[in-house]
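K.L.:
File my_file_24.pdb follows (PDB, N, CA, C and O atoms):
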```
ATOM      1  N   MET A   3      27.910 -12.490 -11.542
ATOM      2  CA  MET A   3      27.116 -12.330 -10.351
ATOM      3  C   MET A   3      26.416 -13.636 -10.043
ATOM      4  O   MET A   3      26.131 -14.419 -10.942
ATOM      5  N   ALA A   4      26.124 -13.865  -8.786
ATOM      6  CA  ALA A   4      25.338 -15.017  -8.345
ATOM      7  C   ALA A   4      23.874 -14.595  -8.330
ATOM      8  O   ALA A   4      23.537 -13.527  -7.825
ATOM      9  N   VAL A   5      23.014 -15.417  -8.900
ATOM     10  CA  VAL A   5      21.587 -15.093  -8.977
ATOM     11  C   VAL A   5      20.809 -16.250  -8.351
ATOM     12  O   VAL A   5      21.110 -17.415  -8.599
ATOM     13  N   HIS A   6      19.832 -15.908  -7.514
ATOM     14  CA  HIS A   6      18.964 -16.941  -6.966
ATOM     15  C   HIS A   6      17.541 -16.428  -6.913
ATOM     16  O   HIS A   6      17.299 -15.226  -6.851
ATOM     17  N   GLY A   7      16.596 -17.357  -7.010
ATOM     18  CA  GLY A   7      15.191 -16.978  -6.948
ATOM     19  C   GLY A   7      14.335 -18.147  -6.510
ATOM     20  O   GLY A   7      14.711 -19.309  -6.675
ATOM     21  N   TYR A   8      13.191 -17.838  -5.948
ATOM     22  CA  TYR A   8      12.246 -18.850  -5.505
ATOM     23  C   TYR A   8      10.863 -18.481  -6.023
ATOM     24  O   TYR A   8      10.482 -17.311  -6.015
ATOM     25  N   SER A   9      10.108 -19.468  -6.489
ATOM     26  CA  SER A   9       8.765 -19.294  -7.017
ATOM     27  C   SER A   9       8.832 -18.376  -8.243
ATOM     28  O   SER A   9       9.567 -18.688  -9.182
ATOM     29  N   LEU A  10       8.110 -17.278  -8.242
ATOM     30  CA  LEU A  10       8.170 -16.369  -9.394
ATOM     31  C   LEU A  10       9.588 -15.843  -9.582
ATOM     32  O   LEU A  10      10.051 -15.658 -10.713
ATOM     33  N   GLY A  11      10.307 -15.648  -8.500
ATOM     34  CA  GLY A  11      11.697 -15.208  -8.593
ATOM     35  C   GLY A  11      12.567 -16.200  -9.347
ATOM     36  O   GLY A  11      13.523 -15.817 -10.022
ATOM     37  N   SER A  12      12.225 -17.496  -9.257
ATOM     38  CA  SER A  12      13.003 -18.491 -10.007
ATOM     39  C   SER A  12      12.788 -18.315 -11.498
ATOM     40  O   SER A  12      13.718 -18.452 -12.289
ATOM     41  N   ARG A  13      11.578 -17.997 -11.877
ATOM     42  CA  ARG A  13      11.287 -17.743 -13.298
ATOM     43  C   ARG A  13      12.058 -16.514 -13.789
ATOM     44  O   ARG A  13      12.658 -16.524 -14.859
ATOM     45  N   LEU A  14      12.051 -15.465 -13.001
ATOM     46  CA  LEU A  14      12.760 -14.238 -13.383
ATOM     47  C   LEU A  14      14.263 -14.465 -13.435
ATOM     48  O   LEU A  14      14.941 -13.988 -14.356
ATOM     49  N   ALA A  15      14.794 -15.204 -12.464
ATOM     50  CA  ALA A  15      16.227 -15.500 -12.451
ATOM     51  C   ALA A  15      16.614 -16.321 -13.676
ATOM     52  O   ALA A  15      17.645 -16.076 -14.309
ATOM     53  N   TRP A  16      15.783 -17.308 -14.019
ATOM     54  CA  TRP A  16      16.033 -18.159 -15.192
ATOM     55  C   TRP A  16      16.042 -17.308 -16.468
ATOM     56  O   TRP A  16      16.902 -17.458 -17.326
ATOM     57  N   GLN A  17      15.064 -16.403 -16.589
ATOM     58  CA  GLN A  17      14.992 -15.548 -17.781
ATOM     59  C   GLN A  17      16.191 -14.605 -17.859
ATOM     60  O   GLN A  17      16.717 -14.362 -18.944
ATOM     61  N   LEU A  18      16.629 -14.073 -16.725
ATOM     62  CA  LEU A  18      17.814 -13.219 -16.706
ATOM     63  C   LEU A  18      19.033 -14.000 -17.184
ATOM     64  O   LEU A  18      19.786 -13.530 -18.034
ATOM     65  N   ALA A  19      19.212 -15.209 -16.648
ATOM     66  CA  ALA A  19      20.363 -16.026 -17.031
ATOM     67  C   ALA A  19      20.311 -16.401 -18.513
ATOM     68  O   ALA A  19      21.348 -16.426 -19.183
ATOM     69  N   ALA A  20      19.117 -16.670 -19.025
ATOM     70  CA  ALA A  20      18.979 -17.025 -20.442
ATOM     71  C   ALA A  20      19.259 -15.830 -21.346
ATOM     72  O   ALA A  20      19.890 -15.964 -22.397
ATOM     73  N   ALA A  21      18.804 -14.661 -20.928
ATOM     74  CA  ALA A  21      18.972 -13.455 -21.750
ATOM     75  C   ALA A  21      20.383 -12.873 -21.655
ATOM     76  O   ALA A  21      20.871 -12.267 -22.610
ATOM     77  N   HIS A  22      21.039 -13.032 -20.505
ATOM     78  CA  HIS A  22      22.352 -12.417 -20.273
ATOM     79  C   HIS A  22      23.297 -13.402 -19.584
ATOM     80  O   HIS A  22      23.743 -13.162 -18.450
ATOM     81  N   PRO A  23      23.630 -14.506 -20.247
ATOM     82  CA  PRO A  23      24.492 -15.509 -19.601
ATOM     83  C   PRO A  23      25.863 -14.964 -19.208
ATOM     84  O   PRO A  23      26.477 -15.469 -18.268
ATOM     85  N   GLU A  24      26.309 -13.928 -19.883
ATOM     86  CA  GLU A  24      27.614 -13.347 -19.554
ATOM     87  C   GLU A  24      27.619 -12.665 -18.183
ATOM     88  O   GLU A  24      28.671 -12.438 -17.596
ATOM     89  N   LEU A  25      26.442 -12.348 -17.655
ATOM     90  CA  LEU A  25      26.337 -11.683 -16.355
ATOM     91  C   LEU A  25      26.200 -12.662 -15.191
ATOM     92  O   LEU A  25      26.414 -12.282 -14.041
ATOM     93  N   VAL A  26      25.817 -13.898 -15.470
ATOM     94  CA  VAL A  26      25.466 -14.844 -14.413
ATOM     95  C   VAL A  26      26.566 -15.899 -14.247
ATOM     96  O   VAL A  26      26.776 -16.720 -15.129
ATOM     97  N   ALA A  27      27.243 -15.851 -13.102
ATOM     98  CA  ALA A  27      28.294 -16.831 -12.808
ATOM     99  C   ALA A  27      27.698 -18.095 -12.200
ATOM    100  O   ALA A  27      28.177 -19.193 -12.441
ATOM    101  N   SER A  28      26.646 -17.939 -11.392
ATOM    102  CA  SER A  28      25.958 -19.095 -10.815
ATOM    103  C   SER A  28      24.475 -18.772 -10.685
ATOM    104  O   SER A  28      24.088 -17.618 -10.507
ATOM    105  N   LEU A  29      23.659 -19.826 -10.800
ATOM    106  CA  LEU A  29      22.202 -19.667 -10.781
ATOM    107  C   LEU A  29      21.608 -20.719  -9.852
ATOM    108  O   LEU A  29      21.879 -21.911 -10.004
ATOM    109  N   ILE A  30      20.814 -20.279  -8.892
ATOM    110  CA  ILE A  30      20.109 -21.182  -7.987
ATOM    111  C   ILE A  30      18.633 -20.834  -8.064
ATOM    112  O   ILE A  30      18.247 -19.681  -7.847
ATOM    113  N   VAL A  31      17.805 -21.824  -8.406
ATOM    114  CA  VAL A  31      16.359 -21.605  -8.467
ATOM    115  C   VAL A  31      15.654 -22.689  -7.662
ATOM    116  O   VAL A  31      16.122 -23.810  -7.561
ATOM    117  N   GLY A  32      14.524 -22.343  -7.094
ATOM    118  CA  GLY A  32      13.734 -23.298  -6.325
ATOM    119  C   GLY A  32      12.276 -22.915  -6.362
ATOM    120  O   GLY A  32      11.919 -21.775  -6.658
ATOM    121  N   GLY A  33      11.433 -23.882  -6.095
ATOM    122  CA  GLY A  33      10.003 -23.618  -6.025
ATOM    123  C   GLY A  33       9.371 -23.276  -7.357
ATOM    124  O   GLY A  33       8.287 -22.710  -7.393
ATOM    125  N   ALA A  34      10.037 -23.638  -8.448
ATOM    126  CA  ALA A  34       9.465 -23.370  -9.771
ATOM    127  C   ALA A  34       8.330 -24.356 -10.029
ATOM    128  O   ALA A  34       8.463 -25.540  -9.724
ATOM    129  N   PRO A  35       7.221 -23.889 -10.576
ATOM    130  CA  PRO A  35       6.107 -24.806 -10.844
ATOM    131  C   PRO A  35       6.460 -25.797 -11.952
ATOM    132  O   PRO A  35       7.284 -25.505 -12.821
ATOM    133  N   ALA A  36       5.832 -26.979 -11.921
ATOM    134  CA  ALA A  36       6.077 -28.002 -12.941
ATOM    135  C   ALA A  36       5.599 -27.535 -14.315
ATOM    136  O   ALA A  36       6.205 -27.841 -15.323
ATOM    137  N   ALA A  37       4.518 -26.791 -14.349
ATOM    138  CA  ALA A  37       3.980 -26.274 -15.609
ATOM    139  C   ALA A  37       4.074 -24.755 -15.584
ATOM    140  O   ALA A  37       3.846 -24.127 -14.557
ATOM    141  N   ASP A  38       4.411 -24.168 -16.699
ATOM    142  CA  ASP A  38       4.542 -22.714 -16.793
ATOM    143  C   ASP A  38       3.218 -22.121 -17.242
ATOM    144  O   ASP A  38       2.923 -22.042 -18.422
ATOM    145  N   ARG A  39       2.385 -21.733 -16.277
ATOM    146  CA  ARG A  39       1.055 -21.196 -16.606
ATOM    147  C   ARG A  39       1.135 -19.857 -17.333
ATOM    148  O   ARG A  39       0.206 -19.471 -18.008
ATOM    149  N   LEU A  40       2.229 -19.127 -17.197
ATOM    150  CA  LEU A  40       2.344 -17.835 -17.867
ATOM    151  C   LEU A  40       2.770 -17.961 -19.318
ATOM    152  O   LEU A  40       2.662 -17.006 -20.080
ATOM    153  N   ALA A  41       3.237 -19.133 -19.728
ATOM    154  CA  ALA A  41       3.716 -19.311 -21.095
ATOM    155  C   ALA A  41       2.617 -19.060 -22.119
ATOM    156  O   ALA A  41       2.885 -18.570 -23.208
ATOM    157  N   GLY A  42       1.380 -19.372 -21.772
ATOM    158  CA  GLY A  42       0.274 -19.193 -22.710
ATOM    159  C   GLY A  42      -0.455 -17.874 -22.576
ATOM    160  O   GLY A  42      -1.473 -17.656 -23.227
ATOM    161  N   LEU A  43       0.041 -16.987 -21.745
ATOM    162  CA  LEU A  43      -0.627 -15.699 -21.551
ATOM    163  C   LEU A  43      -0.523 -14.840 -22.797
ATOM    164  O   LEU A  43       0.552 -14.673 -23.368
ATOM    165  N   ASP A  44      -1.633 -14.314 -23.226
ATOM    166  CA  ASP A  44      -1.672 -13.407 -24.373
ATOM    167  C   ASP A  44      -1.293 -12.014 -23.863
ATOM    168  O   ASP A  44      -2.091 -11.348 -23.195
ATOM    169  N   ALA A  45      -0.079 -11.580 -24.149
ATOM    170  CA  ALA A  45       0.429 -10.307 -23.613
ATOM    171  C   ALA A  45      -0.414  -9.126 -24.068
ATOM    172  O   ALA A  45      -0.657  -8.195 -23.288
ATOM    173  N   GLU A  46      -0.872  -9.153 -25.296
ATOM    174  CA  GLU A  46      -1.702  -8.037 -25.794
ATOM    175  C   GLU A  46      -3.028  -7.991 -25.035
ATOM    176  O   GLU A  46      -3.512  -6.918 -24.687
ATOM    177  N   ALA A  47      -3.617  -9.146 -24.768
ATOM    178  CA  ALA A  47      -4.856  -9.190 -23.984
ATOM    179  C   ALA A  47      -4.612  -8.670 -22.571
ATOM    180  O   ALA A  47      -5.463  -7.986 -22.002
ATOM    181  N   ALA A  48      -3.458  -8.990 -21.992
ATOM    182  CA  ALA A  48      -3.125  -8.488 -20.657
ATOM    183  C   ALA A  48      -2.995  -6.965 -20.669
ATOM    184  O   ALA A  48      -3.435  -6.293 -19.741
ATOM    185  N   ARG A  49      -2.413  -6.426 -21.731
ATOM    186  CA  ARG A  49      -2.319  -4.953 -21.848
ATOM    187  C   ARG A  49      -3.707  -4.328 -21.956
ATOM    188  O   ARG A  49      -3.985  -3.300 -21.353
ATOM    189  N   ARG A  50      -4.594  -4.971 -22.733
ATOM    190  CA  ARG A  50      -5.974  -4.455 -22.850
ATOM    191  C   ARG A  50      -6.664  -4.510 -21.499
ATOM    192  O   ARG A  50      -7.385  -3.587 -21.122
ATOM    193  N   TRP A  51      -6.445  -5.619 -20.767
ATOM    194  CA  TRP A  51      -7.055  -5.750 -19.451
ATOM    195  C   TRP A  51      -6.586  -4.629 -18.535
ATOM    196  O   TRP A  51      -7.379  -4.027 -17.813
ATOM    197  N   ALA A  52      -5.290  -4.320 -18.576
ATOM    198  CA  ALA A  52      -4.743  -3.258 -17.732
ATOM    199  C   ALA A  52      -5.362  -1.913 -18.093
ATOM    200  O   ALA A  52      -5.612  -1.077 -17.216
ATOM    201  N   ALA A  53      -5.638  -1.713 -19.377
ATOM    202  CA  ALA A  53      -6.194  -0.439 -19.830
ATOM    203  C   ALA A  53      -7.720  -0.359 -19.693
ATOM    204  O   ALA A  53      -8.256   0.706 -19.450
ATOM    205  N   THR A  54      -8.400  -1.508 -19.840
ATOM    206  CA  THR A  54      -9.863  -1.464 -19.940
ATOM    207  C   THR A  54     -10.602  -2.415 -18.995
ATOM    208  O   THR A  54     -11.818  -2.440 -18.999
ATOM    209  N   SER A  55      -9.889  -3.229 -18.252
ATOM    210  CA  SER A  55     -10.469  -4.237 -17.361
ATOM    211  C   SER A  55     -11.122  -5.404 -18.098
ATOM    212  O   SER A  55     -11.927  -6.119 -17.517
ATOM    213  N   SER A  56     -10.798  -5.630 -19.396
ATOM    214  CA  SER A  56     -11.290  -6.822 -20.088
ATOM    215  C   SER A  56     -10.371  -7.980 -19.731
ATOM    216  O   SER A  56      -9.154  -7.861 -19.808
ATOM    217  N   SER A  57     -10.928  -9.100 -19.308
ATOM    218  CA  SER A  57     -10.148 -10.200 -18.765
ATOM    219  C   SER A  57      -9.218 -10.845 -19.794
ATOM    220  O   SER A  57      -9.672 -11.227 -20.875
ATOM    221  N   PRO A  58      -7.905 -10.969 -19.477
ATOM    222  CA  PRO A  58      -6.983 -11.673 -20.383
ATOM    223  C   PRO A  58      -7.244 -13.172 -20.322
ATOM    224  O   PRO A  58      -7.721 -13.689 -19.321
ATOM    225  N   ARG A  59      -6.943 -13.877 -21.400
ATOM    226  CA  ARG A  59      -7.160 -15.324 -21.439
ATOM    227  C   ARG A  59      -5.826 -16.036 -21.524
ATOM    228  O   ARG A  59      -4.917 -15.565 -22.178
ATOM    229  N   ILE A  60      -5.772 -17.178 -20.882
ATOM    230  CA  ILE A  60      -4.595 -18.036 -20.977
ATOM    231  C   ILE A  60      -4.941 -19.140 -21.966
ATOM    232  O   ILE A  60      -5.972 -19.783 -21.846
ATOM    233  N   ARG A  61      -4.083 -19.310 -22.972
ATOM    234  CA  ARG A  61      -4.331 -20.315 -24.004
ATOM    235  C   ARG A  61      -4.121 -21.692 -23.480
ATOM    236  O   ARG A  61      -3.355 -21.996 -22.673
TER
END
```
Take the structure in the file and write it out as structure tokens.
P.N.:
Amino acid sequence: MAVHGYSLGSRLAWQLAAAHPELVASLIVGGAPAADRLAGLDAEAARRWAATSSSPRIR
């Protein structure tokens, strides 16, 4: 399949292609930020925030 994404969609498209390269025949991404601000997100803190409204922290 051909996959394309822009901005957050580019991140999702990239992750799909990395996780399932056998599914992706071509990949087009654009508008990806120079730095990945989500890379340092504490997923457990984000889950707590969703459940309790305690603010998640980015490392």
K.L.:
Within 7 Å of Gly11 in chain A, counting all atoms listed in the file, which residues qualify if same-chain residues fewer than 4 places away don't, as an mmCIF file with N, CA, C and O atoms, keeping the file's coordinate frame?
P.N.:
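result36.cif written:
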```cif
data_model
loop_
_atom_site.group_PDB
_atom_site.id
_atom_site.type_symbol
_atom_site.label_atom_id
_atom_site.label_comp_id
_atom_site.auth_asym_id
_atom_site.auth_seq_id
_atom_site.Cartn_x
_atom_site.Cartn_y
_atom_site.Cartn_z
ATOM 1 N N HIS A 6 19.832 -15.908 -7.514
ATOM 2 C CA HIS A 6 18.964 -16.941 -6.966
ATOM 3 C C HIS A 6 17.541 -16.428 -6.913
ATOM 4 O O HIS A 6 17.299 -15.226 -6.851
ATOM 5 N N GLY A 7 16.596 -17.357 -7.010
ATOM 6 C CA GLY A 7 15.191 -16.978 -6.948
ATOM 7 C C GLY A 7 14.335 -18.147 -6.510
ATOM 8 O O GLY A 7 14.711 -19.309 -6.675
ATOM 9 N N ALA A 15 14.794 -15.204 -12.464
ATOM 10 C CA ALA A 15 16.227 -15.500 -12.451
ATOM 11 C C ALA A 15 16.614 -16.321 -13.676
ATOM 12 O O ALA A 15 17.645 -16.076 -14.309
ATOM 13 N N TRP A 16 15.783 -17.308 -14.019
ATOM 14 C CA TRP A 16 16.033 -18.159 -15.192
ATOM 15 C C TRP A 16 16.042 -17.308 -16.468
ATOM 16 O O TRP A 16 16.902 -17.458 -17.326
ATOM 17 N N GLN A 17 15.064 -16.403 -16.589
ATOM 18 C CA GLN A 17 14.992 -15.548 -17.781
ATOM 19 C C GLN A 17 16.191 -14.605 -17.859
ATOM 20 O O GLN A 17 16.717 -14.362 -18.944
ATOM 21 N N ILE A 30 20.814 -20.279 -8.892
ATOM 22 C CA ILE A 30 20.109 -21.182 -7.987
ATOM 23 C C ILE A 30 18.633 -20.834 -8.064
ATOM 24 O O ILE A 30 18.247 -19.681 -7.847
ATOM 25 N N VAL A 31 17.805 -21.824 -8.406
ATOM 26 C CA VAL A 31 16.359 -21.605 -8.467
ATOM 27 C C VAL A 31 15.654 -22.689 -7.662
ATOM 28 O O VAL A 31 16.122 -23.810 -7.561
ATOM 29 N N GLY A 32 14.524 -22.343 -7.094
ATOM 30 C CA GLY A 32 13.734 -23.298 -6.325
ATOM 31 C C GLY A 32 12.276 -22.915 -6.362
ATOM 32 O O GLY A 32 11.919 -21.775 -6.658
#
```
K.L.:
Tell me, in Å to one decimal, how far CA of Thr54 in chain A is from atom O of Gly42 in chain A.
P.N.:
18.5 Å
K.L.:
Please measure the separation of CA of Ala4 in chain A and CA of Ala19 in chain A, giving the value in Å to one decimal.
P.N.:
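Between these atoms lies a distance of 10.1 Å.
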K.L.:
Have a look at CA of Val26 in chain A and CA of Asp38 in chain A and let me know their distance in Å, one decimal.
P.N.:
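Atom-to-atom, CA of Val26 in chain A to CA of Asp38 in chain A, that is 22.5 Å.
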K.L.:
Looking only at the backbone, which of the residues in chain A does DSSP tag as strand (DSSP E or B), as a ChimeraX atom specification?
P.N.:
/A:4-8,28-32,43,60
K.L.:
Can you pull out every residue from chain A that DSSP, working from the backbone, puts in helix (DSSP H, G or I), and format the result as a PyMOL selection string?
P.N.:
chain A and resi 10-21+23-25+39-42+45-54
K.L.:
Of the candidates A:Ala34, A:Arg49, A:Leu43, A:Ser55, which one gets nearest to Arg13 in chain A if we count only N, CA, C and O atoms?
P.N.:
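Selected residue with least distance to Arg13 in chain A: A:Ala34.
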